[in-house]
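S.K.: Quick one: this structure, given as structure tokens, is what I'll be asking you about.
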Amino acid sequence: MPTPRGIPFAAGVVLASGAGTRVGASLNKVYLPLAGRRIVSWSIGSFARVPAIGAIVLVVRPQDDELVKAVLEHEVDGAAVEVVHGGRTRQESELRALRHLATRIDENVIDAVLIHDAARPLVTPALINAVLASAREHGGAMPGLAADDIHAAGEGDLLAGRPDGTVVRAQTPQGFRARPLLEAYEQAAREGFEGTDTASVMERFSSLPVRWVPGEERNFKVTYPHDLVVAEQVLTSAR
């Protein structure tokens, strides 16, 4: 996975520190079985297959440490994974991951960071590469699907027609140049700002443009029990 000596590499941050209660399980949903492995291991595996990714950081809850140990020992095919405990919120968890990488970012060992939801297990190396290439070129990038079925709500129960421009359903990973990303998150922490996702923090505290690349229909988030069934079917049919 490491890149040639002296050439900066990218880091992949996989967020697994949420509870995910809507799926109806008694444990964190990213440790539920999916096609013979745990959900989280599929995301890790996709990042591990991208040569430009030189570090993978898994952000977890302290109470999941035993589950994490089992995944890393048996399900990631030898990938080197660095584990960080998350915070109260998604944004705090992302900041902890960035602080974990801070020395390598300051030394320009890491030039870009991609942040991904572990609950999107069907992300492909091709999509990761596309986001990374755009982030390195433009400063920030995220995958999205054009939302052709969205209408704006008007007053009361009236529809106000389609919004102007293209509406995009955001996916992850969301990728950014590493130093501006770290600086933006530190500034957000100082000001007590809580964004809706990584891109919203960058839009508030950085001048870097955030481009969108075409996402993948299969890169959906496992939220409800039915999503597990669909993900299993996708993985089974791909074999």
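Following the order of the structure tokens, first chain is A, next is B, and so on, with residues numbered from 1 inside each chain and ligands from 1 in the order they appear.
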Pick out each residue of segment 21-228 of chain A that DSSP on the backbone tags as strand (DSSP E); I need them as a ChimeraX atom specification.
M.R.: /A:33-34,37-38,53-60,81-85,110-117,140-146,168-170,174-177,210-214
S.K.: Near segment 28-44 of chain A, counting only C-alpha atoms, which residues have an atom at most 8 Å away, once you skip same-chain residues fewer than 5 positions from it, shown as a PyMOL selection string?
M.R.: chain A and resi 14+16+18-21+23+56+64+67+71+75-76+118-123+228+231-232+235-236
S.K.: Write down as an mmCIF file with C-alpha atoms, in the first residue's frame the residues of segment 1-228 of chain A whose backbone DSSP state falls under alpha helix (DSSP H).
M.R.:
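out.cif, freshly written:
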data_model
loop_
_atom_site.group_PDB
_atom_site.id
_atom_site.type_symbol
_atom_site.label_atom_id
_atom_site.label_comp_id
_atom_site.auth_asym_id
_atom_site.auth_seq_id
_atom_site.Cartn_x
_atom_site.Cartn_y
_atom_site.Cartn_z
ATOM 1 C CA ILE A 39 -19.899 -4.590 7.324
ATOM 2 C CA VAL A 40 -16.941 -2.407 8.288
ATOM 3 C CA SER A 41 -14.387 -4.792 6.803
ATOM 4 C CA TRP A 42 -15.772 -4.269 3.299
ATOM 5 C CA SER A 43 -15.054 -0.531 3.429
ATOM 6 C CA ILE A 44 -11.570 -1.119 4.814
ATOM 7 C CA GLY A 45 -10.897 -3.665 2.075
ATOM 8 C CA SER A 46 -11.818 -1.209 -0.679
ATOM 9 C CA PHE A 47 -9.440 1.435 0.659
ATOM 10 C CA ALA A 48 -6.689 -1.139 1.056
ATOM 11 C CA ASP A 65 -12.761 -2.514 20.977
ATOM 12 C CA GLU A 66 -13.210 -6.295 21.133
ATOM 13 C CA LEU A 67 -15.262 -6.286 17.934
ATOM 14 C CA VAL A 68 -12.643 -4.096 16.270
ATOM 15 C CA LYS A 69 -9.881 -6.490 17.321
ATOM 16 C CA ALA A 70 -11.735 -9.441 15.807
ATOM 17 C CA VAL A 71 -12.259 -7.610 12.508
ATOM 18 C CA LEU A 72 -8.644 -6.506 12.224
ATOM 19 C CA GLU A 73 -7.301 -9.952 13.093
ATOM 20 C CA HIS A 74 -9.485 -11.965 10.738
ATOM 21 C CA ARG A 90 -19.308 12.793 13.876
ATOM 22 C CA GLN A 91 -17.373 16.023 13.499
ATOM 23 C CA GLU A 92 -15.444 15.466 16.737
ATOM 24 C CA SER A 93 -14.619 11.950 15.563
ATOM 25 C CA GLU A 94 -13.314 13.322 12.270
ATOM 26 C CA LEU A 95 -11.217 15.893 14.124
ATOM 27 C CA ARG A 96 -9.666 13.195 16.295
ATOM 28 C CA ALA A 97 -8.704 11.256 13.187
ATOM 29 C CA LEU A 98 -7.178 14.370 11.621
ATOM 30 C CA ARG A 99 -5.218 15.140 14.781
ATOM 31 C CA HIS A 100 -3.945 11.561 14.712
ATOM 32 C CA LEU A 101 -2.615 12.267 11.208
ATOM 33 C CA ALA A 102 -1.474 15.820 11.952
ATOM 34 C CA THR A 103 2.277 15.188 12.148
ATOM 35 C CA ARG A 104 2.286 13.411 8.787
ATOM 36 C CA ILE A 105 0.125 16.173 7.309
ATOM 37 C CA ASP A 106 2.486 18.885 8.613
ATOM 38 C CA PRO A 125 -11.757 1.324 -5.317
ATOM 39 C CA ALA A 126 -12.718 3.042 -8.590
ATOM 40 C CA LEU A 127 -14.899 5.573 -6.766
ATOM 41 C CA ILE A 128 -12.223 6.145 -4.117
ATOM 42 C CA ASN A 129 -9.692 6.829 -6.887
ATOM 43 C CA ALA A 130 -12.069 9.239 -8.629
ATOM 44 C CA VAL A 131 -12.695 11.257 -5.461
ATOM 45 C CA LEU A 132 -8.992 11.327 -4.626
ATOM 46 C CA ALA A 133 -7.975 12.511 -8.107
ATOM 47 C CA SER A 134 -10.536 15.331 -8.032
ATOM 48 C CA ALA A 135 -9.608 16.348 -4.471
ATOM 49 C CA ARG A 136 -5.944 16.559 -5.357
ATOM 50 C CA GLU A 137 -6.673 18.607 -8.478
ATOM 51 C CA HIS A 138 -9.301 20.986 -7.147
ATOM 52 C CA ALA A 178 -5.015 17.446 3.967
ATOM 53 C CA ARG A 179 -3.611 20.672 5.391
ATOM 54 C CA PRO A 180 -6.630 22.897 4.609
ATOM 55 C CA LEU A 181 -8.913 20.156 5.939
ATOM 56 C CA LEU A 182 -7.090 19.976 9.271
ATOM 57 C CA GLU A 183 -7.003 23.779 9.550
ATOM 58 C CA ALA A 184 -10.736 24.044 8.824
ATOM 59 C CA TYR A 185 -11.626 21.465 11.465
ATOM 60 C CA GLU A 186 -9.462 23.138 14.071
ATOM 61 C CA GLN A 187 -11.125 26.472 13.273
ATOM 62 C CA ALA A 188 -14.574 24.874 13.508
ATOM 63 C CA ALA A 189 -13.649 23.456 16.921
ATOM 64 C CA ARG A 190 -12.484 26.860 18.168
ATOM 65 C CA GLU A 191 -15.730 28.488 17.034
ATOM 66 C CA THR A 198 -17.231 17.176 5.953
ATOM 67 C CA ALA A 199 -18.020 19.344 2.938
ATOM 68 C CA SER A 200 -20.116 21.776 5.004
ATOM 69 C CA VAL A 201 -17.175 22.425 7.340
ATOM 70 C CA MET A 202 -14.909 23.089 4.381
ATOM 71 C CA GLU A 203 -17.435 25.409 2.766
ATOM 72 C CA ARG A 204 -17.547 27.448 5.990
ATOM 73 C CA PHE A 205 -13.841 27.602 6.852
ATOM 74 C CA PRO A 225 -32.724 -4.101 7.858
ATOM 75 C CA HIS A 226 -33.745 -4.197 4.186
ATOM 76 C CA ASP A 227 -30.489 -2.462 3.232
ATOM 77 C CA LEU A 228 -28.551 -5.448 4.565
#
S.K.: Work out how far apart atom CA of Gly175 of chain A and atom CA of Gln233 of chain A are and give it in Å to one decimal.
M.R.: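 A separation of 28.4 Å between them.
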S.K.: Find, counting only C-alpha atoms, the residue in A:Gln63, A:Thr196, A:Thr89, A:Gln174 that gets nearest to Trp212 of chain A.
M.R.: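 Smallest distance to Trp212 of chain A is found for A:Gln174.
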S.K.: Rank A:Gly192, A:Gly144, A:Gly139, A:Pro209 by their smallest atom-to-atom distance to Arg177 of chain A, using only C-alpha atoms, and report the top residue only.
M.R.: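 Using only C-alpha atoms, the shortest distance to Arg177 of chain A belongs to A:Gly139.
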